[in-house]
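Asker: For reference, this is target-v5.cif, and it has mmCIF, C-alpha atoms.
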```cif
data_query
#
loop_
_atom_site.label_atom_id
_atom_site.label_comp_id
_atom_site.auth_asym_id
_atom_site.auth_seq_id
_atom_site.Cartn_x
_atom_site.Cartn_y
_atom_site.Cartn_z
CA MET A 1 15.38 9.45 -62.07
CA LYS A 2 18.38 7.51 -60.91
CA ILE A 3 18.58 5.63 -57.63
CA LEU A 4 21.01 3.29 -55.95
CA LEU A 5 19.48 -0.16 -55.47
CA ASN A 6 21.75 -2.41 -53.40
CA ASN A 7 24.66 -0.20 -54.46
CA ARG A 8 23.87 -0.47 -58.19
CA GLU A 9 22.58 2.44 -60.19
CA GLU A 10 19.07 1.98 -61.59
CA GLU A 11 17.19 4.36 -63.86
CA PHE A 12 13.42 4.84 -63.99
CA ALA A 13 11.26 6.85 -66.39
CA SER A 14 9.15 8.58 -63.76
CA ASP A 15 10.28 11.24 -61.26
CA THR A 16 9.20 9.27 -58.21
CA ILE A 17 7.95 5.75 -57.52
CA SER A 18 6.48 4.07 -54.49
CA VAL A 19 8.17 1.05 -52.94
CA ARG A 20 5.29 -1.10 -54.23
CA GLU A 21 5.88 0.19 -57.79
CA LEU A 22 9.60 -0.51 -57.50
CA LEU A 23 8.89 -4.11 -56.49
CA GLU A 24 6.51 -4.52 -59.43
CA LEU A 25 8.81 -2.85 -61.97
CA LYS A 26 11.76 -4.99 -60.92
CA LYS A 27 9.52 -8.08 -60.69
CA PHE A 28 10.80 -8.75 -57.17
CA SER A 29 8.66 -11.59 -55.92
CA PHE A 30 10.57 -12.63 -52.78
CA ARG A 31 8.07 -12.94 -50.00
CA MET A 32 10.26 -11.91 -47.10
CA ARG A 33 12.42 -8.86 -47.37
CA ILE A 34 13.68 -5.83 -45.48
CA ILE A 35 13.74 -2.50 -47.30
CA LYS A 36 15.56 0.65 -46.22
CA ILE A 37 15.46 4.00 -48.01
CA ASN A 38 18.37 6.27 -47.09
CA GLY A 39 18.89 4.21 -43.95
CA VAL A 40 15.23 4.33 -42.86
CA LEU A 41 13.39 1.02 -42.51
CA ILE A 42 10.14 0.82 -44.50
CA LEU A 43 7.52 -1.46 -42.95
CA LYS A 44 5.26 -3.56 -45.23
CA ASP A 45 2.17 -1.43 -44.59
CA LYS A 46 4.09 1.62 -45.90
CA TYR A 47 5.02 0.13 -49.29
CA ASP A 48 2.35 2.23 -51.05
CA SER A 49 2.98 5.49 -49.22
CA ALA A 50 6.80 5.36 -49.09
CA ILE A 51 8.04 7.31 -52.12
CA ILE A 52 11.47 6.88 -53.69
CA HIS A 53 13.05 10.04 -55.15
CA ASP A 54 15.96 10.76 -57.48
CA GLY A 55 19.27 10.05 -55.77
CA ASP A 56 17.81 7.85 -53.04
CA ASN A 57 19.75 4.92 -51.67
CA VAL A 58 17.49 1.85 -51.55
CA GLN A 59 18.73 -1.25 -49.74
CA MET A 60 16.98 -4.61 -49.83
CA ILE A 61 17.74 -7.70 -47.79
CA TYR A 62 16.21 -11.03 -48.79
CA LEU A 63 15.20 -13.14 -45.82
CA MET A 64 15.49 -16.90 -46.19
CA SER A 65 14.49 -19.41 -43.54
CA GLY A 66 17.19 -21.54 -41.98
CA GLY A 67 19.37 -21.11 -38.97
CA MET B 1 46.91 -5.07 -30.62
CA ASP B 2 48.21 -8.54 -29.95
CA LEU B 3 45.94 -11.46 -29.11
CA PRO B 4 45.93 -10.95 -25.30
CA GLU B 5 45.06 -7.26 -25.83
CA ILE B 6 42.33 -8.19 -28.30
CA ARG B 7 40.85 -10.71 -25.88
CA SER B 8 41.00 -8.18 -23.06
CA HIS B 9 39.16 -5.65 -25.24
CA LEU B 10 36.50 -8.16 -26.34
CA GLY B 11 36.11 -9.31 -22.74
CA LYS B 12 34.49 -6.00 -21.82
CA PHE B 13 31.57 -6.38 -24.21
CA ARG B 14 28.18 -8.06 -24.16
CA VAL B 15 26.64 -9.70 -27.23
CA GLY B 16 23.03 -10.85 -27.60
CA ILE B 17 22.23 -13.98 -29.57
CA ALA B 18 18.60 -14.54 -30.59
CA GLY B 19 18.26 -18.27 -31.15
CA ALA B 20 20.56 -21.16 -30.21
CA GLY B 21 20.18 -23.43 -33.24
CA GLY B 22 22.71 -23.87 -36.03
CA LEU B 23 23.58 -20.19 -36.31
CA GLY B 24 23.31 -19.23 -32.64
CA SER B 25 25.17 -22.18 -31.10
CA ASN B 26 28.09 -22.02 -33.54
CA CYS B 27 28.29 -18.23 -33.40
CA ALA B 28 28.25 -18.26 -29.59
CA VAL B 29 31.09 -20.79 -29.46
CA ALA B 30 33.22 -18.71 -31.86
CA LEU B 31 32.62 -15.58 -29.77
CA ALA B 32 33.40 -17.45 -26.54
CA ARG B 33 36.64 -18.80 -28.00
CA SER B 34 37.53 -15.24 -29.01
CA GLY B 35 36.98 -13.96 -25.49
CA VAL B 36 33.78 -11.91 -25.81
CA GLY B 37 32.97 -11.32 -22.13
CA THR B 38 29.23 -11.79 -21.83
CA LEU B 39 26.80 -13.65 -24.08
CA VAL B 40 23.06 -13.20 -23.69
CA ILE B 41 21.49 -16.24 -25.33
CA CYS B 42 17.77 -16.73 -25.89
CA ASP B 43 16.05 -19.95 -27.07
CA PHE B 44 13.07 -22.02 -25.93
CA ASP B 45 13.83 -25.34 -27.65
CA ILE B 46 15.23 -28.65 -26.53
CA ILE B 47 17.94 -30.58 -28.39
CA GLU B 48 16.65 -33.23 -30.77
CA GLU B 49 18.55 -35.79 -32.79
CA PRO B 50 18.52 -33.98 -36.17
CA ASN B 51 20.01 -30.87 -34.49
CA LEU B 52 23.30 -32.73 -33.99
CA GLY B 53 23.91 -32.53 -37.74
CA ARG B 54 24.73 -28.82 -37.56
CA GLN B 55 24.35 -27.42 -34.07
CA TYR B 56 27.01 -27.22 -31.37
CA TYR B 57 25.60 -29.93 -29.13
CA PHE B 58 26.49 -33.50 -28.26
CA ALA B 59 24.64 -36.81 -28.33
CA ASP B 60 24.60 -37.01 -24.53
CA GLN B 61 22.75 -33.66 -24.43
CA LEU B 62 19.64 -34.85 -26.30
CA GLY B 63 16.50 -33.65 -24.54
CA MET B 64 18.27 -30.79 -22.72
CA MET B 65 17.30 -27.14 -23.18
CA LYS B 66 19.58 -25.67 -25.83
CA THR B 67 20.40 -22.72 -23.57
CA THR B 68 21.46 -25.02 -20.71
CA ALA B 69 23.56 -27.23 -22.97
CA LEU B 70 25.21 -24.27 -24.70
CA LYS B 71 26.10 -22.70 -21.36
CA GLU B 72 27.67 -26.02 -20.35
CA ASN B 73 29.61 -26.32 -23.63
CA ILE B 74 30.89 -22.75 -23.45
CA ALA B 75 31.99 -23.31 -19.83
CA ARG B 76 34.02 -26.30 -21.02
CA ILE B 77 35.67 -24.16 -23.70
CA ASN B 78 36.25 -20.95 -21.76
CA PRO B 79 34.96 -20.84 -18.18
CA VAL B 80 35.67 -17.11 -17.93
CA ILE B 81 32.83 -16.24 -20.34
CA ARG B 82 29.60 -15.21 -18.68
CA VAL B 83 26.50 -16.72 -20.29
CA ILE B 84 23.10 -15.24 -19.44
CA SER B 85 20.33 -17.44 -20.80
CA HIS B 86 16.65 -16.81 -21.35
CA GLU B 87 14.25 -19.68 -22.05
CA LYS B 88 11.45 -17.92 -23.84
CA LYS B 89 10.00 -17.24 -27.25
CA LEU B 90 11.05 -13.73 -28.18
CA ASP B 91 8.55 -11.06 -29.20
CA SER B 92 9.14 -7.39 -29.85
CA GLY B 93 8.65 -6.48 -26.19
CA SER B 94 11.00 -9.06 -24.75
CA ILE B 95 13.65 -8.41 -27.44
CA CYS B 96 14.03 -4.80 -26.30
CA GLU B 97 14.17 -5.85 -22.67
CA ILE B 98 16.52 -8.84 -22.93
CA PHE B 99 19.04 -7.31 -25.32
CA ALA B 100 18.90 -3.70 -24.04
CA ASP B 101 22.46 -3.77 -22.62
CA CYS B 102 24.02 -5.72 -25.50
CA HIS B 103 26.55 -3.92 -27.68
CA VAL B 104 25.69 -6.03 -30.73
CA ILE B 105 22.81 -8.43 -31.46
CA VAL B 106 23.10 -11.58 -33.58
CA GLU B 107 19.97 -12.72 -35.44
CA ALA B 108 20.06 -16.52 -35.30
CA PHE B 109 16.43 -17.51 -35.78
CA ASP B 110 15.22 -20.27 -38.05
CA SER B 111 12.10 -18.90 -39.75
CA SER B 112 12.17 -15.91 -42.07
CA GLU B 113 9.08 -14.51 -40.29
CA ASN B 114 10.97 -14.39 -37.01
CA LYS B 115 14.02 -12.90 -38.73
CA GLU B 116 11.80 -10.13 -40.09
CA MET B 117 10.20 -9.53 -36.68
CA LEU B 118 13.60 -9.26 -34.97
CA ILE B 119 15.08 -6.95 -37.61
CA GLU B 120 12.04 -4.66 -37.55
CA THR B 121 12.01 -4.55 -33.76
CA VAL B 122 15.71 -3.79 -33.37
CA GLN B 123 15.75 -1.26 -36.21
CA MET B 124 12.60 0.59 -35.07
CA ARG B 125 12.85 0.33 -31.30
CA MET B 126 16.57 0.09 -30.56
CA PRO B 127 18.04 2.84 -32.76
CA GLY B 128 21.78 2.63 -33.35
CA LYS B 129 22.06 -1.00 -32.16
CA PRO B 130 24.17 -3.07 -34.57
CA LEU B 131 22.38 -6.22 -35.75
CA VAL B 132 24.06 -9.07 -37.63
CA VAL B 133 21.60 -11.16 -39.67
CA GLY B 134 22.03 -14.64 -41.18
CA SER B 135 20.01 -15.31 -44.34
CA GLY B 136 20.41 -18.12 -46.86
CA MET B 137 22.58 -21.14 -46.02
CA ALA B 138 20.71 -24.27 -47.14
CA GLY B 139 22.40 -27.12 -49.02
CA TRP B 140 26.08 -27.70 -49.72
CA GLY B 141 28.73 -26.32 -52.05
CA ARG B 142 28.07 -22.94 -53.69
CA THR B 143 30.71 -21.47 -51.41
CA ARG B 144 31.11 -18.44 -53.65
CA ASP B 145 27.44 -17.51 -53.22
CA ILE B 146 27.83 -16.90 -49.50
CA ARG B 147 28.52 -13.23 -49.00
CA PHE B 148 28.71 -10.46 -46.46
CA ARG B 149 26.91 -7.14 -46.87
CA LYS B 150 27.07 -4.10 -44.66
CA ILE B 151 23.78 -2.24 -45.22
CA ASP B 152 24.70 0.57 -42.82
CA GLU B 153 26.18 1.03 -39.32
CA THR B 154 23.25 -0.85 -37.77
CA LEU B 155 22.59 -3.71 -40.18
CA TYR B 156 24.84 -6.47 -41.55
CA VAL B 157 23.85 -9.59 -43.52
CA CYS B 158 25.73 -12.88 -43.87
CA GLY B 159 24.57 -15.66 -46.21
CA ASP B 160 23.61 -16.27 -49.82
CA GLU B 161 20.23 -14.51 -49.40
CA SER B 162 18.73 -16.99 -51.87
CA SER B 163 18.59 -20.61 -50.68
CA GLU B 164 15.77 -21.82 -48.49
CA PRO B 165 15.85 -25.27 -46.87
CA ALA B 166 13.89 -28.04 -48.66
CA VAL B 167 13.77 -31.84 -48.62
CA ASN B 168 16.54 -32.06 -51.22
CA LEU B 169 18.27 -28.91 -49.97
CA PRO B 170 18.71 -29.52 -46.25
CA LEU B 171 20.57 -27.41 -43.73
CA MET B 172 24.03 -28.95 -43.27
CA ALA B 173 26.90 -28.23 -40.92
CA PRO B 174 29.39 -26.65 -43.35
CA ARG B 175 27.27 -23.86 -44.84
CA VAL B 176 25.40 -23.16 -41.59
CA GLY B 177 28.73 -23.06 -39.77
CA MET B 178 30.21 -20.74 -42.40
CA VAL B 179 27.40 -18.23 -41.98
CA ALA B 180 27.48 -18.54 -38.16
CA ASN B 181 31.22 -17.87 -38.15
CA MET B 182 30.81 -14.97 -40.58
CA GLN B 183 28.33 -13.50 -38.13
CA ALA B 184 30.82 -13.97 -35.27
CA ASN B 185 33.57 -12.44 -37.41
CA THR B 186 31.33 -9.44 -38.09
CA VAL B 187 30.55 -9.04 -34.38
CA ILE B 188 34.27 -8.99 -33.60
CA GLU B 189 34.89 -6.44 -36.35
CA ILE B 190 32.19 -4.17 -34.88
CA LEU B 191 33.46 -4.59 -31.31
CA MET B 192 37.08 -3.92 -32.28
CA GLU B 193 35.95 -0.51 -33.59
CA MET B 194 33.99 0.30 -30.41
CA ASN B 195 35.34 2.18 -27.42
CA GLU B 196 35.45 0.07 -24.30
CA PRO B 197 32.37 0.56 -22.11
CA LEU B 198 33.17 2.71 -19.05
CA SER B 199 31.95 0.23 -16.50
CA GLN B 200 30.26 -3.05 -17.13
CA GLU B 201 27.89 -4.28 -14.49
CA GLY B 202 28.89 -7.93 -14.73
#
```
In structure tokens, write the structure found in this file.
Answerer:
Amino acid sequence: MKILLNNREEEFASDTISVRELLELKKFSFRMRIIKINGVLILKDKYDSAIIHDGDNVQMIYLMSGG
Amino acid sequence: MDLPEIRSHLGKFRVGIAGAGGLGSNCAVALARSGVGTLVICDFDIIEEPNLGRQYYFADQLGMMKTTALKENIARINPVIRVISHEKKLDSGSICEIFADCHVIVEAFDSSENKEMLIETVQMRMPGKPLVVGSGMAGWGRTRDIRFRKIDETLYVCGDESSEPAVNLPLMAPRVGMVANMQANTVIEILMEMNEPLSQEG
């Protein structure tokens, strides 16, 4: 399947993946982040149950301290 | 629109600012100078000496509440601007209450945990409310790394999204000010696209 990840096309072998699997596959280790799938915010406790499908638009924001 | 028309348009809006540190104080001042009518500013801290290195306060304001000092500084810049201040630590309940009438909210917290809490609260509990986040501004230089991203109609991010403050990568006025002013610039862009509110209860 193909998805948009922060506006860049990414291809994965499987038909669907969970948010947790996406983070592991991409080796994203940032501690603090915001994830939206097709404009819907995904809370941390939904990372296993939130499923990403072909054509989905996944947005990630990396949260850094400082302000 | 010419500048007086722009200022008249911006004067009818209300912007919430969560935090009055480096991001919040500089962003508030830029919005006040631009003529945004009402600023709702929330912070519970007092001004300490290291704050003067990047926050919009003065040496003779040390020890004052940031909200009180910022109100004073904005009044000296543009006395027409209405500043509503709240001296409390924000949680998800008070965020919804305090910023309910704001047309845009600026995330200007220090810790990434609080940034996350504010974003989740506004996105889940205040649907449709535009939120402008600041993330990643530590150190100096690396001007090209600072960027702006529009996630969707409700979420905007300013900053490099990668640098976290450390002993040898401190927060300094130029990069913090750049991100704060990018946030203010984004707020103005959002407000310029909005229809004027029908009536604004002061």
Asker: Would you kindly report the residues of chain B within 8 Å of chain A, using all atoms listed in the file, as a count of residues only?
Answerer: 30
Asker: Please write as an MDAnalysis selection string the full residue list that the PyMOL selection byres ((chain B and resi 78-95) around 9) yields on this file.
Answerer: chainID B and resid 11 18 32:33 35:45 65:68 70:71 73:77 96:100 114 117:118 120:122 125 202
Asker: Identify, on the basis of all atoms listed in the file, every residue whose closest approach to Asp48 (chain A) does not exceed 6 Å; exclude the query and any residue fewer than 2 positions from it along the same chain; express the result as an mmCIF file with C-alpha atoms, in the coordinates of the input.
Answerer:
```cif
data_model
loop_
_atom_site.group_PDB
_atom_site.id
_atom_site.type_symbol
_atom_site.label_atom_id
_atom_site.label_comp_id
_atom_site.auth_asym_id
_atom_site.auth_seq_id
_atom_site.Cartn_x
_atom_site.Cartn_y
_atom_site.Cartn_z
ATOM 1 C CA SER A 18 6.480 4.070 -54.490
ATOM 2 C CA ARG A 20 5.290 -1.100 -54.230
ATOM 3 C CA LYS A 46 4.090 1.620 -45.900
ATOM 4 C CA ALA A 50 6.800 5.360 -49.090
#
```
Asker: Work out how far CA of Gly139 (chain B) is from CA of Phe28 (chain A), in Å to one decimal.
Answerer: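 Taking CA of Phe28 (chain A) and CA of Gly139 (chain B), their separation equals 23.2 Å.
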Asker: I want to know what sits within 10 Å of region 11-13 of chain A, based on all atoms listed in the file, with residues of the same chain fewer than 6 positions away left out; could you give that as a list in words?
Answerer: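 Listed by chain and then number, they are Met1, Lys2, Ile3, Leu4, Leu5, Leu22, Leu25 and Asp54 of chain A.
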Asker: Kindly indicate which residue among B:Val106, B:Ile17, B:Met192, B:Met178 lies nearest to Arg142 (chain B), using only C-alpha atoms for the distances.
Answerer: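 Smallest distance to Arg142 (chain B) is found for B:Met178.
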